[in-house]
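Pasting model-v2.cif here (mmCIF, C-alpha atoms and all ligand atoms):
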```
data_start
loop_
_atom_site.label_atom_id
_atom_site.label_comp_id
_atom_site.auth_asym_id
_atom_site.auth_seq_id
_atom_site.Cartn_x
_atom_site.Cartn_y
_atom_site.Cartn_z
CA MET R 1204 13.41 2.97 29.71
CA GLU R 1205 13.77 6.03 31.90
CA GLN R 1206 10.43 7.47 32.99
CA ARG R 1207 11.96 10.95 32.71
CA LEU R 1208 12.38 10.52 28.94
CA VAL R 1209 8.75 9.41 28.67
CA GLU R 1210 7.59 12.49 30.59
CA GLU R 1211 9.74 14.78 28.44
CA LEU R 1212 8.38 13.18 25.25
CA ARG R 1213 4.82 13.66 26.55
CA ALA R 1214 5.51 17.32 27.23
CA ILE R 1215 6.57 17.73 23.60
CA VAL R 1216 4.12 15.61 21.58
CA GLY R 1217 1.19 15.38 24.00
CA GLU R 1218 0.01 12.80 26.54
CA ASP R 1219 -1.99 10.68 24.06
CA SER R 1220 0.79 10.51 21.51
CA VAL R 1221 3.24 8.58 23.70
CA ARG R 1222 2.53 4.94 24.50
CA GLN R 1223 4.64 2.68 26.69
CA MET R 1224 5.03 -1.05 26.05
CA GLU R 1225 2.98 -0.70 22.88
CA PRO R 1226 2.52 -4.03 21.04
CA MET R 1227 4.00 -3.64 17.56
CA SER R 1228 1.51 -6.26 16.34
CA ARG R 1229 -0.93 -3.31 16.28
CA HIS R 1230 1.32 -1.43 13.88
CA THR R 1231 2.35 -4.07 11.35
CA THR R 1232 0.27 -5.68 8.62
CA PHE R 1233 1.75 -9.09 9.57
CA ARG R 1234 -0.02 -8.51 12.92
CA VAL R 1235 3.00 -9.80 14.84
CA GLY R 1236 5.69 -8.11 16.91
CA GLY R 1237 6.36 -7.61 20.61
CA PRO R 1238 6.21 -4.33 22.51
CA ALA R 1239 8.06 -1.12 21.74
CA ASP R 1240 9.43 0.38 24.96
CA VAL R 1241 7.88 3.64 23.81
CA LEU R 1242 5.93 4.50 20.68
CA VAL R 1243 5.60 8.16 19.70
CA LEU R 1244 3.07 9.48 17.20
CA SER R 1245 4.98 12.55 16.14
CA GLN R 1246 4.03 15.64 14.21
CA ARG R 1247 6.44 17.23 11.80
CA ASN R 1248 7.17 20.25 14.00
CA THR R 1249 7.89 18.16 17.12
CA LEU R 1250 10.12 15.59 15.42
CA PRO R 1251 13.43 17.49 15.85
CA ASP R 1252 12.77 17.68 19.60
CA VAL R 1253 11.93 13.97 19.76
CA LEU R 1254 15.29 13.19 18.10
CA ARG R 1255 17.08 15.60 20.42
CA LEU R 1256 15.62 13.89 23.49
CA CYS R 1257 16.58 10.42 22.20
CA ARG R 1258 20.10 11.72 21.65
CA GLN R 1259 20.30 13.36 25.07
CA HIS R 1260 19.11 10.19 26.80
CA ASP R 1261 21.25 8.00 24.56
CA VAL R 1262 18.20 5.95 23.53
CA PRO R 1263 17.94 4.48 20.00
CA TYR R 1264 14.94 5.24 17.80
CA TYR R 1265 13.37 3.40 14.90
CA VAL R 1266 10.97 4.91 12.36
CA VAL R 1267 7.86 3.12 11.12
CA GLY R 1268 5.22 4.14 8.64
CA ASN R 1269 2.23 1.88 8.09
CA GLY R 1270 4.22 -1.24 9.00
CA SER R 1271 3.31 -2.97 5.75
CA ASN R 1272 6.84 -4.06 4.89
CA LEU R 1273 7.99 -4.82 8.39
CA LEU R 1274 8.57 -7.89 10.55
CA VAL R 1275 9.10 -6.94 14.19
CA GLY R 1276 10.61 -9.56 16.51
CA ASP R 1277 8.56 -11.13 19.30
CA GLY R 1278 10.87 -9.46 21.83
CA GLY R 1279 9.75 -6.05 20.56
CA ILE R 1280 11.83 -2.93 19.99
CA ARG R 1281 14.08 -1.37 22.62
CA GLY R 1282 14.07 2.39 22.66
CA VAL R 1283 11.65 4.74 20.91
CA VAL R 1284 9.57 3.86 17.86
CA ILE R 1285 8.59 6.97 15.93
CA LYS R 1286 5.43 6.30 13.98
CA ILE R 1287 4.89 8.57 10.97
CA ALA R 1288 1.16 8.42 10.41
CA LYS R 1289 -1.99 10.55 10.52
CA ALA R 1290 -0.35 13.43 12.37
CA MET R 1291 1.85 13.85 9.30
CA GLU R 1292 -0.86 13.49 6.70
CA GLU R 1293 -1.20 16.22 4.10
CA LEU R 1294 -2.16 16.44 0.42
CA ARG R 1295 -2.09 19.50 -1.79
CA LEU R 1296 -1.65 20.36 -5.46
CA SER R 1297 0.23 23.06 -7.27
CA GLU R 1298 0.42 23.93 -10.96
CA GLU R 1299 2.95 25.99 -12.83
CA GLY R 1300 2.96 26.36 -16.60
CA GLY R 1301 0.99 23.14 -17.08
CA ARG R 1302 3.26 21.18 -14.71
CA TYR R 1303 1.36 19.59 -11.86
CA GLU R 1304 2.88 18.75 -8.52
CA LEU R 1305 1.31 16.78 -5.72
CA VAL R 1306 2.74 17.47 -2.29
CA ALA R 1307 2.17 14.67 0.22
CA GLY R 1308 3.06 14.45 3.90
CA ALA R 1309 5.07 11.33 4.78
CA GLY R 1310 2.25 9.97 6.97
CA THR R 1311 -0.32 10.03 4.16
CA LEU R 1312 -1.36 6.61 2.90
CA LEU R 1313 -0.01 6.08 -0.60
CA SER R 1314 -3.40 4.78 -1.74
CA LYS R 1315 -5.03 7.98 -0.46
CA ALA R 1316 -2.51 10.07 -2.41
CA ALA R 1317 -3.24 7.99 -5.54
CA ASN R 1318 -7.00 8.48 -5.08
CA PHE R 1319 -6.48 12.22 -4.59
CA ALA R 1320 -4.43 12.40 -7.79
CA ALA R 1321 -7.14 10.47 -9.66
CA ALA R 1322 -9.92 12.69 -8.31
CA ASN R 1323 -7.97 15.69 -9.63
CA GLY R 1324 -7.47 14.13 -13.07
CA LEU R 1325 -3.74 13.52 -12.61
CA CYS R 1326 -2.13 10.36 -13.90
CA GLY R 1327 1.13 8.58 -13.12
CA MET R 1328 0.25 7.23 -9.70
CA GLU R 1329 -2.19 4.52 -10.76
CA PHE R 1330 0.37 1.77 -10.00
CA ALA R 1331 0.08 2.65 -6.29
CA ALA R 1332 -3.55 1.50 -6.05
CA GLY R 1333 -3.64 -1.12 -3.32
CA ILE R 1334 -0.10 -0.65 -1.97
CA PRO R 1335 -0.86 -0.33 1.75
CA GLY R 1336 2.15 1.80 2.75
CA SER R 1337 2.62 5.40 3.80
CA VAL R 1338 4.21 7.92 1.43
CA GLY R 1339 7.37 7.92 3.59
CA GLY R 1340 7.67 4.12 3.58
CA ALA R 1341 6.96 4.00 -0.15
CA ILE R 1342 9.87 6.36 -0.85
CA VAL R 1343 12.27 4.45 1.41
CA MET R 1344 11.33 1.24 -0.42
CA ASN R 1345 10.89 2.81 -3.87
CA ALA R 1346 7.58 0.93 -3.89
CA GLY R 1347 6.25 -0.17 -7.23
CA ALA R 1348 3.88 -2.47 -9.04
CA TYR R 1349 2.27 -3.09 -12.41
CA GLY R 1350 5.02 -1.35 -14.38
CA GLY R 1351 5.35 1.77 -12.23
CA GLU R 1352 7.41 2.81 -9.24
CA ILE R 1353 7.95 5.82 -7.01
CA ALA R 1354 11.17 6.75 -8.87
CA ASP R 1355 9.10 7.44 -12.03
CA ILE R 1356 7.07 10.23 -10.40
CA LEU R 1357 9.14 11.58 -7.51
CA SER R 1358 10.59 15.10 -7.92
CA ARG R 1359 12.00 15.78 -4.47
CA VAL R 1360 11.62 15.05 -0.78
CA THR R 1361 12.11 16.90 2.47
CA VAL R 1362 13.90 14.81 5.06
CA LEU R 1363 14.96 15.31 8.64
CA THR R 1364 18.64 14.57 9.12
CA PRO R 1365 19.83 12.69 12.24
CA ASP R 1366 20.91 16.02 13.76
CA GLY R 1367 17.36 17.33 13.44
CA LYS R 1368 17.71 19.60 10.40
CA GLU R 1369 15.29 19.70 7.47
CA ARG R 1370 16.87 19.19 4.07
CA GLU R 1371 15.38 19.10 0.58
CA LEU R 1372 16.77 16.45 -1.73
CA ALA R 1373 16.12 15.82 -5.41
CA ALA R 1374 14.89 12.32 -6.28
CA GLU R 1375 18.23 11.74 -8.06
CA GLU R 1376 20.05 12.09 -4.74
CA LEU R 1377 18.16 9.20 -3.12
CA ALA R 1378 19.81 6.31 -4.99
CA LEU R 1379 16.38 4.86 -5.75
CA GLY R 1380 16.71 1.34 -7.08
CA TYR R 1381 14.65 -1.84 -7.06
CA ARG R 1382 12.92 -1.67 -3.63
CA THR R 1383 15.76 0.36 -2.21
CA SER R 1384 17.06 3.86 -1.49
CA CYS R 1385 19.84 5.42 0.56
CA ILE R 1386 17.42 6.91 3.10
CA ALA R 1387 17.79 4.33 5.89
CA ALA R 1388 21.57 4.14 5.54
CA ARG R 1389 21.83 7.93 5.92
CA GLY R 1390 19.47 7.95 8.92
CA TYR R 1391 17.03 10.35 7.22
CA ILE R 1392 13.37 10.56 8.14
CA VAL R 1393 11.11 11.41 5.21
CA LEU R 1394 8.80 14.31 6.07
CA GLU R 1395 7.24 15.23 2.73
CA ALA R 1396 7.37 14.26 -0.92
CA VAL R 1397 6.64 16.14 -4.13
CA PHE R 1398 5.43 14.10 -7.11
CA HIS R 1399 5.26 15.30 -10.71
CA LEU R 1400 2.11 14.09 -12.44
CA ALA R 1401 0.51 14.69 -15.82
CA SER R 1402 -3.08 15.63 -16.49
CA GLY R 1403 -5.28 12.82 -17.75
CA ASP R 1404 -8.85 11.65 -18.08
CA PRO R 1405 -10.24 11.01 -14.55
CA GLU R 1406 -12.44 8.18 -15.84
CA GLU R 1407 -9.50 6.42 -17.50
CA ILE R 1408 -7.34 6.85 -14.39
CA ARG R 1409 -10.05 5.44 -12.11
CA LYS R 1410 -10.63 2.55 -14.51
CA ARG R 1411 -6.93 1.62 -14.51
CA MET R 1412 -6.78 1.79 -10.71
CA GLY R 1413 -9.89 -0.38 -10.46
CA GLU R 1414 -8.30 -2.97 -12.76
CA ILE R 1415 -5.15 -3.04 -10.66
CA ARG R 1416 -7.17 -3.51 -7.45
CA GLU R 1417 -9.11 -6.36 -9.04
CA GLN R 1418 -5.90 -8.07 -10.15
CA ARG R 1419 -4.57 -7.81 -6.61
CA ILE R 1420 -7.74 -9.33 -5.17
CA ALA R 1421 -7.60 -12.16 -7.73
CA LYS R 1422 -3.91 -12.99 -7.29
CA GLN R 1423 -2.87 -12.01 -3.76
CA PRO R 1424 -3.90 -13.52 -0.39
CA LEU R 1425 -5.33 -10.24 0.87
CA GLU R 1426 -7.60 -12.08 3.29
CA TYR R 1427 -4.56 -12.91 5.47
CA PRO R 1428 -2.10 -10.65 7.31
CA SER R 1429 1.18 -10.35 5.38
CA ALA R 1430 3.77 -7.82 4.30
CA GLY R 1431 3.13 -8.28 0.59
CA SER R 1432 5.85 -9.94 -1.48
CA THR R 1433 8.21 -11.41 1.10
CA PHE R 1434 11.20 -11.66 -1.23
CA LYS R 1435 12.74 -9.37 -3.80
CA ARG R 1436 12.45 -10.49 -7.40
CA PRO R 1437 15.78 -12.14 -8.30
CA GLU R 1438 17.08 -10.98 -11.65
CA GLY R 1439 15.71 -13.18 -14.39
CA TYR R 1440 13.30 -15.08 -12.10
CA PHE R 1441 10.11 -14.71 -10.11
CA ALA R 1442 10.40 -15.52 -6.40
CA GLY R 1443 6.91 -17.07 -6.31
CA LYS R 1444 7.69 -19.46 -9.18
CA LEU R 1445 11.02 -20.54 -7.62
CA ILE R 1446 9.26 -21.21 -4.31
CA GLN R 1447 6.49 -23.14 -6.02
CA ASP R 1448 9.02 -25.17 -8.04
CA ALA R 1449 10.83 -26.04 -4.80
CA GLY R 1450 7.59 -27.73 -3.67
CA LEU R 1451 6.89 -25.17 -0.97
CA ARG R 1452 3.33 -24.07 -1.81
CA GLY R 1453 1.44 -24.11 1.49
CA TYR R 1454 4.61 -24.97 3.49
CA ARG R 1455 4.15 -24.04 7.16
CA VAL R 1456 6.17 -23.18 10.22
CA GLY R 1457 3.78 -22.72 13.17
CA GLY R 1458 1.25 -20.10 12.17
CA ALA R 1459 3.32 -18.86 9.20
CA GLN R 1460 2.64 -20.25 5.75
CA VAL R 1461 3.75 -19.89 2.14
CA SER R 1462 0.47 -18.71 0.64
CA GLU R 1463 -1.32 -21.30 -1.47
CA LYS R 1464 -2.73 -18.49 -3.59
CA HIS R 1465 0.59 -16.73 -4.28
CA CYS R 1466 3.84 -18.45 -3.26
CA GLY R 1467 5.68 -15.13 -3.14
CA PHE R 1468 3.68 -14.17 -0.05
CA VAL R 1469 4.38 -15.49 3.45
CA ILE R 1470 1.14 -15.10 5.40
CA ASN R 1471 0.15 -15.20 9.03
CA CYS R 1472 -2.55 -17.83 8.79
CA GLY R 1473 -3.42 -17.56 12.48
CA GLY R 1474 -1.39 -17.00 15.62
CA ALA R 1475 2.01 -16.80 13.89
CA SER R 1476 4.93 -15.48 15.89
CA ALA R 1477 7.67 -13.39 14.33
CA ALA R 1478 10.01 -16.33 14.97
CA ASP R 1479 7.69 -18.59 12.89
CA ILE R 1480 7.75 -16.12 10.01
CA ARG R 1481 11.50 -15.61 10.17
CA LYS R 1482 12.15 -19.35 10.34
CA LEU R 1483 9.88 -19.92 7.35
CA ILE R 1484 11.68 -17.19 5.38
CA SER R 1485 15.01 -18.80 6.24
CA GLU R 1486 13.86 -22.33 5.31
CA VAL R 1487 12.35 -21.13 2.03
CA THR R 1488 15.60 -19.32 1.20
CA ASP R 1489 17.67 -22.47 1.88
CA LYS R 1490 15.36 -24.82 -0.02
CA VAL R 1491 15.13 -22.55 -3.06
CA TRP R 1492 18.93 -22.25 -3.04
CA GLU R 1493 19.33 -26.05 -2.91
CA GLN R 1494 16.73 -26.56 -5.65
CA SER R 1495 17.62 -23.79 -8.10
CA GLY R 1496 20.92 -22.19 -7.07
CA VAL R 1497 19.14 -18.83 -6.75
CA ARG R 1498 19.62 -16.92 -3.50
CA LEU R 1499 16.37 -15.21 -2.45
CA GLU R 1500 16.65 -12.00 -0.49
CA PRO R 1501 13.88 -10.74 1.80
CA GLU R 1502 12.14 -7.56 0.68
CA VAL R 1503 10.58 -7.34 4.14
CA LYS R 1504 12.54 -5.28 6.69
CA MET R 1505 13.22 -6.82 10.07
CA ALA R 1506 13.40 -4.84 13.27
CA GLY R 1507 13.64 -5.46 17.01
CA GLU R 1508 14.53 -8.50 19.05
CA PHE R 1509 14.08 -11.99 17.71
CA GLU R 1510 14.35 -14.85 20.15
CA ASP R 1511 15.62 -17.30 17.58
CA THR R 1512 19.24 -17.81 16.61
CA LEU R 1513 19.13 -17.23 12.87
CA GLY R 1514 21.42 -14.20 12.97
CA GLY R 1515 21.05 -11.08 10.82
CA MET R 1516 18.63 -11.17 7.93
CA GLY R 1517 16.92 -8.50 5.86
C1 LIG F 1601 -0.96 -6.79 0.83
C2 LIG F 1601 0.31 -6.05 0.53
C3 LIG F 1601 0.63 -5.73 -0.79
C4 LIG F 1601 1.81 -5.03 -1.07
N1 LIG F 1601 2.09 -4.74 -2.37
C5 LIG F 1601 3.21 -4.05 -2.67
C6 LIG F 1601 3.53 -3.72 -4.02
O1 LIG F 1601 2.79 -4.01 -4.95
N2 LIG F 1601 4.68 -3.05 -4.27
C7 LIG F 1601 5.54 -2.69 -3.26
O2 LIG F 1601 6.57 -2.06 -3.55
N3 LIG F 1601 5.27 -2.99 -1.98
C8 LIG F 1601 4.13 -3.65 -1.65
N4 LIG F 1601 3.86 -3.97 -0.35
C9 LIG F 1601 4.84 -3.64 0.70
C10 LIG F 1601 4.65 -2.27 1.37
O3 LIG F 1601 3.30 -1.83 1.31
C11 LIG F 1601 5.56 -1.21 0.76
O4 LIG F 1601 6.93 -1.57 0.85
C12 LIG F 1601 5.37 0.16 1.41
O5 LIG F 1601 6.04 1.12 0.65
C13 LIG F 1601 5.89 0.22 2.85
O6 LIG F 1601 5.42 1.43 3.43
P1 LIG F 1601 5.13 1.52 5.00
O7 LIG F 1601 4.72 2.92 5.32
O8 LIG F 1601 4.19 0.46 5.43
O9 LIG F 1601 6.60 1.26 5.57
P2 LIG F 1601 7.01 0.42 6.86
O10 LIG F 1601 6.72 -1.02 6.64
O11 LIG F 1601 6.44 1.07 8.07
O12 LIG F 1601 8.59 0.65 6.85
C14 LIG F 1601 9.38 0.14 5.79
C15 LIG F 1601 10.79 0.73 5.94
O13 LIG F 1601 10.73 2.13 5.73
C16 LIG F 1601 11.19 2.86 6.89
N5 LIG F 1601 10.33 4.05 6.99
C17 LIG F 1601 8.96 4.09 6.98
N6 LIG F 1601 8.53 5.35 6.98
C18 LIG F 1601 9.64 6.14 6.99
C19 LIG F 1601 9.85 7.56 6.98
N7 LIG F 1601 8.85 8.45 6.96
N8 LIG F 1601 11.13 8.01 6.99
C20 LIG F 1601 12.19 7.15 7.03
N9 LIG F 1601 12.04 5.80 7.04
C21 LIG F 1601 10.77 5.32 7.01
C22 LIG F 1601 11.09 1.88 8.05
O14 LIG F 1601 12.06 2.15 9.03
C23 LIG F 1601 11.37 0.54 7.34
O15 LIG F 1601 12.74 0.35 7.19
C24 LIG F 1601 2.69 -4.65 -0.03
C25 LIG F 1601 2.35 -4.96 1.30
C26 LIG F 1601 1.18 -5.65 1.58
C27 LIG F 1601 0.83 -5.96 3.01
#
```
Using C-alpha cells, write down the structure that the file contains.
Amino acid sequence: MEQRLVEELRAIVGEDSVRQMEPMSRHTTFRVGGPADVLVLSQRNTLPDVLRLCRQHDVPYYVVGNGSNLLVGDGGIRGVVIKIAKAMEELRLSEEGGRYELVAGAGTLLSKAANFAAANGLCGMEFAAGIPGSVGGAIVMNAGAYGGEIADILSRVTVLTPDGKERELAAEELALGYRTSCIAARGYIVLEAVFHLASGDPEEIRKRMGEIREQRIAKQPLEYPSAGSTFKRPEGYFAGKLIQDAGLRGYRVGGAQVSEKHCGFVINCGGASAADIRKLISEVTDKVWEQSGVRLEPEVKMAGEFEDTLGGMG
C-alpha cells in the first residue's frame, strides 16, 4: 500500500481515523481475521473523497459495519476497509399527520435504534432487539428475527454510489429478500435509513423486546464469538435441525465448533482461525448434503484472503 494514499486519507478523515495493518479480528464478532492494509473510520461528508482517492490510486475498498455477519480471512484484506460506525451514528424522529419516521445514520447500532424507537413509544422495530449489526449492515442483509424484518419497516435509504454521488432510493428499489438486497451488487454504501413506525404503548414495546432478548439468551450461544446463524434457512427446513440430524452437534475443526446449544451457529470456542471456521462451514455443508440432500448456503459474508484452497464461498 502506497504511503502517499495513507497520507492523503489522513488529510481528509483525520490522523486517528486511519489505521494501517489493522487486525480485522478487532472488527468482527467472530473475533478472527487478519490485517486490513488500511482501515478508515469515515464520516458521511468525507466518504466521497475517500472513494475518489481509492479510485485515483486504483486501490480496492471494502465496506464493513459492525462485522457481525462477516468472516474475514486470516490473510486479511488488501486495500482500504471503510468502517461505517460511530462517526456515522445519528437518530432523529419526525412526524407528519400521525405518520412517524425514524431517521438513522448507517453507523448507528440497530439495537440502539430499536431502543430509541421504544423510548419514544414507537413500535415495529421490536424484532431488532439483540441483533448486533449496524443500521447499514442490517439493510444490506435485510436482517430479521422473530417474525419481523427490515423490509417491513424501511421507507427509504440514502446511499453513496460508486462514483461518489448521494442518491435516495425507496425500499422497493432495493430488492430486499430473505437476508439479501441488491446493495452490494450495485456497489452502494448505505449512509442513512428512514423507517416508518407506528405509535404504541412504550411498556408493551419494552416488554416484547425484553422477551426477545431473553429468548436469545436461552437459545443462542451468546457467550462465544460468532456471526449469528451461519447458514440461511433452506426453504421448508431449519439449518440447525439438519445439522443436528447429520450428527454434527459439537463437531469441531480447530477452534471452530458447531454450537452444542444451537447447531445453526458456528462459534469460535477459543483461538479459531478463519480457515478453521471456513473449513467447518464447508464440511457441515457437505455432510448435510450427503445426509439430507439439502444444500446449505452460508448467510455469513466472507471477505479478504483465505489461505485454504476451498475456493469461493458465501
Ligand atoms: C449473536 C448474533 C446474533 C445475530 N442474530 C441475527 C438475527 O436474529 N437476524 C439477522 O438477520 N442477523 C443476525 N445476526 C447477523 C448480523 O447481526 C446481521 O446480519 C447484521 O445486519 C449485520 O450488520 P453489520 O453492521 O454487522 O454488517 P457487517 O457484518 O459489517 O457486514 C455485512 C455485509 O454488509 C455490508 N455492509 C455493512 N455496512 C454497510 C454499509 N453501510 N453500506 C454498504 N454495505 C455495508 C458488508 O460489506 C457485508 O457484505 C446475528 C449476529 C450475531 C453475532
(request) Using all atoms listed in the file, determine which residues lie at most 8 Å from stretch 1362-1377 of chain R, disregarding the query and same-chain residues fewer than 6 positions distant; provide the list as a VMD selection string. (result) chain R and resid 1250 to 1252 1254 to 1255 1354 1384 to 1386 1390 to 1395
(message) Could you list the protein, DNA and RNA residues that have any atom within 8 Å of ligand LIG 1601 (chain F), counting all atoms listed in the file, and write them as a ChimeraX atom specification?
(response) /R:1231-1233,1265-1273,1286-1287,1309-1310,1312-1313,1331,1333-1349,1352,1362,1382,1386-1387,1390-1394,1423-1425,1428-1432,1502-1505
Generate the output file for the selected residues, C-alpha atoms, as a JSON list (two decimals), in the coordinates of the input.
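So the final result, stored in result_29.json, reads:
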```
[["chain", "number", "residue", "atom", "x", "y", "z"],
["R", 1231, "THR", "CA", 2.35, -4.07, 11.35],
["R", 1232, "THR", "CA", 0.27, -5.68, 8.62],
["R", 1233, "PHE", "CA", 1.75, -9.09, 9.57],
["R", 1265, "TYR", "CA", 13.37, 3.40, 14.90],
["R", 1266, "VAL", "CA", 10.97, 4.91, 12.36],
["R", 1267, "VAL", "CA", 7.86, 3.12, 11.12],
["R", 1268, "GLY", "CA", 5.22, 4.14, 8.64],
["R", 1269, "ASN", "CA", 2.23, 1.88, 8.09],
["R", 1270, "GLY", "CA", 4.22, -1.24, 9.00],
["R", 1271, "SER", "CA", 3.31, -2.97, 5.75],
["R", 1272, "ASN", "CA", 6.84, -4.06, 4.89],
["R", 1273, "LEU", "CA", 7.99, -4.82, 8.39],
["R", 1286, "LYS", "CA", 5.43, 6.30, 13.98],
["R", 1287, "ILE", "CA", 4.89, 8.57, 10.97],
["R", 1309, "ALA", "CA", 5.07, 11.33, 4.78],
["R", 1310, "GLY", "CA", 2.25, 9.97, 6.97],
["R", 1312, "LEU", "CA", -1.36, 6.61, 2.90],
["R", 1313, "LEU", "CA", -0.01, 6.08, -0.60],
["R", 1331, "ALA", "CA", 0.08, 2.65, -6.29],
["R", 1333, "GLY", "CA", -3.64, -1.12, -3.32],
["R", 1334, "ILE", "CA", -0.10, -0.65, -1.97],
["R", 1335, "PRO", "CA", -0.86, -0.33, 1.75],
["R", 1336, "GLY", "CA", 2.15, 1.80, 2.75],
["R", 1337, "SER", "CA", 2.62, 5.40, 3.80],
["R", 1338, "VAL", "CA", 4.21, 7.92, 1.43],
["R", 1339, "GLY", "CA", 7.37, 7.92, 3.59],
["R", 1340, "GLY", "CA", 7.67, 4.12, 3.58],
["R", 1341, "ALA", "CA", 6.96, 4.00, -0.15],
["R", 1342, "ILE", "CA", 9.87, 6.36, -0.85],
["R", 1343, "VAL", "CA", 12.27, 4.45, 1.41],
["R", 1344, "MET", "CA", 11.33, 1.24, -0.42],
["R", 1345, "ASN", "CA", 10.89, 2.81, -3.87],
["R", 1346, "ALA", "CA", 7.58, 0.93, -3.89],
["R", 1347, "GLY", "CA", 6.25, -0.17, -7.23],
["R", 1348, "ALA", "CA", 3.88, -2.47, -9.04],
["R", 1349, "TYR", "CA", 2.27, -3.09, -12.41],
["R", 1352, "GLU", "CA", 7.41, 2.81, -9.24],
["R", 1362, "VAL", "CA", 13.90, 14.81, 5.06],
["R", 1382, "ARG", "CA", 12.92, -1.67, -3.63],
["R", 1386, "ILE", "CA", 17.42, 6.91, 3.10],
["R", 1387, "ALA", "CA", 17.79, 4.33, 5.89],
["R", 1390, "GLY", "CA", 19.47, 7.95, 8.92],
["R", 1391, "TYR", "CA", 17.03, 10.35, 7.22],
["R", 1392, "ILE", "CA", 13.37, 10.56, 8.14],
["R", 1393, "VAL", "CA", 11.11, 11.41, 5.21],
["R", 1394, "LEU", "CA", 8.80, 14.31, 6.07],
["R", 1423, "GLN", "CA", -2.87, -12.01, -3.76],
["R", 1424, "PRO", "CA", -3.90, -13.52, -0.39],
["R", 1425, "LEU", "CA", -5.33, -10.24, 0.87],
["R", 1428, "PRO", "CA", -2.10, -10.65, 7.31],
["R", 1429, "SER", "CA", 1.18, -10.35, 5.38],
["R", 1430, "ALA", "CA", 3.77, -7.82, 4.30],
["R", 1431, "GLY", "CA", 3.13, -8.28, 0.59],
["R", 1432, "SER", "CA", 5.85, -9.94, -1.48],
["R", 1502, "GLU", "CA", 12.14, -7.56, 0.68],
["R", 1503, "VAL", "CA", 10.58, -7.34, 4.14],
["R", 1504, "LYS", "CA", 12.54, -5.28, 6.69],
["R", 1505, "MET", "CA", 13.22, -6.82, 10.07]]
```
(message) Between atom CA of R:His1230 and atom CA of R:Val1275, what distance in Å does the model show, to one decimal?
(response) 9.5 Å
(request) Rank nothing, just name the residue among R:Ile1420, R:Val1456, R:Val1469, R:Ala1449 nearest to R:Glu1493, using all atoms listed in the file. (result)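 For R:Glu1493, the nearest of the given residues is R:Ala1449.
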(request) Please identify all polymer residues lying at most 7 Å from the point (8.6, -9.2, 19.4) (file coordinates), using all atoms listed in the file, and present the result as an NGL selection string. (result) :R and (1236-1238 or 1275-1279 or 1477 or 1507-1509)
(request) Kindly give the distance, in Å, that separates atom CA of R:Asn1318 and atom CA of R:Thr1361, rounded to a single decimal. (result)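 According to the coordinates, atom CA of R:Asn1318 and atom CA of R:Thr1361 are separated by 22.2 Å.
Of note, atom CA of R:Ser1358 and atom CA of R:Glu1293 are spaced 16.9 Å apart.
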Give me the box for stretch 1426-1429 of chain R as JSON, namely the centre and edge lengths in Å to one decimal of a box along x, y and z that holds every listed atom plus 6 Å on each side.
```
{"center_x": -3.2, "center_y": -11.6, "center_z": 5.3, "size_x": 20.8, "size_y": 14.6, "size_z": 16.0}
```
For R:Gly1443: contacts at 9 Å, all atoms listed in the file, fewer than 6 positions along chain excluded, given as a short mmCIF file (atom, residue, chain, number, x, y, z; two decimals) with C-alpha atoms, in the frame of the given file:
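Heads up, here's the output in selection00.cif:
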```
data_model
loop_
_atom_site.label_atom_id
_atom_site.label_comp_id
_atom_site.auth_asym_id
_atom_site.auth_seq_id
_atom_site.Cartn_x
_atom_site.Cartn_y
_atom_site.Cartn_z
CA SER R 1432 5.85 -9.94 -1.48
CA PHE R 1434 11.20 -11.66 -1.23
CA ARG R 1436 12.45 -10.49 -7.40
CA HIS R 1465 0.59 -16.73 -4.28
CA CYS R 1466 3.84 -18.45 -3.26
CA GLY R 1467 5.68 -15.13 -3.14
CA PHE R 1468 3.68 -14.17 -0.05
#
```
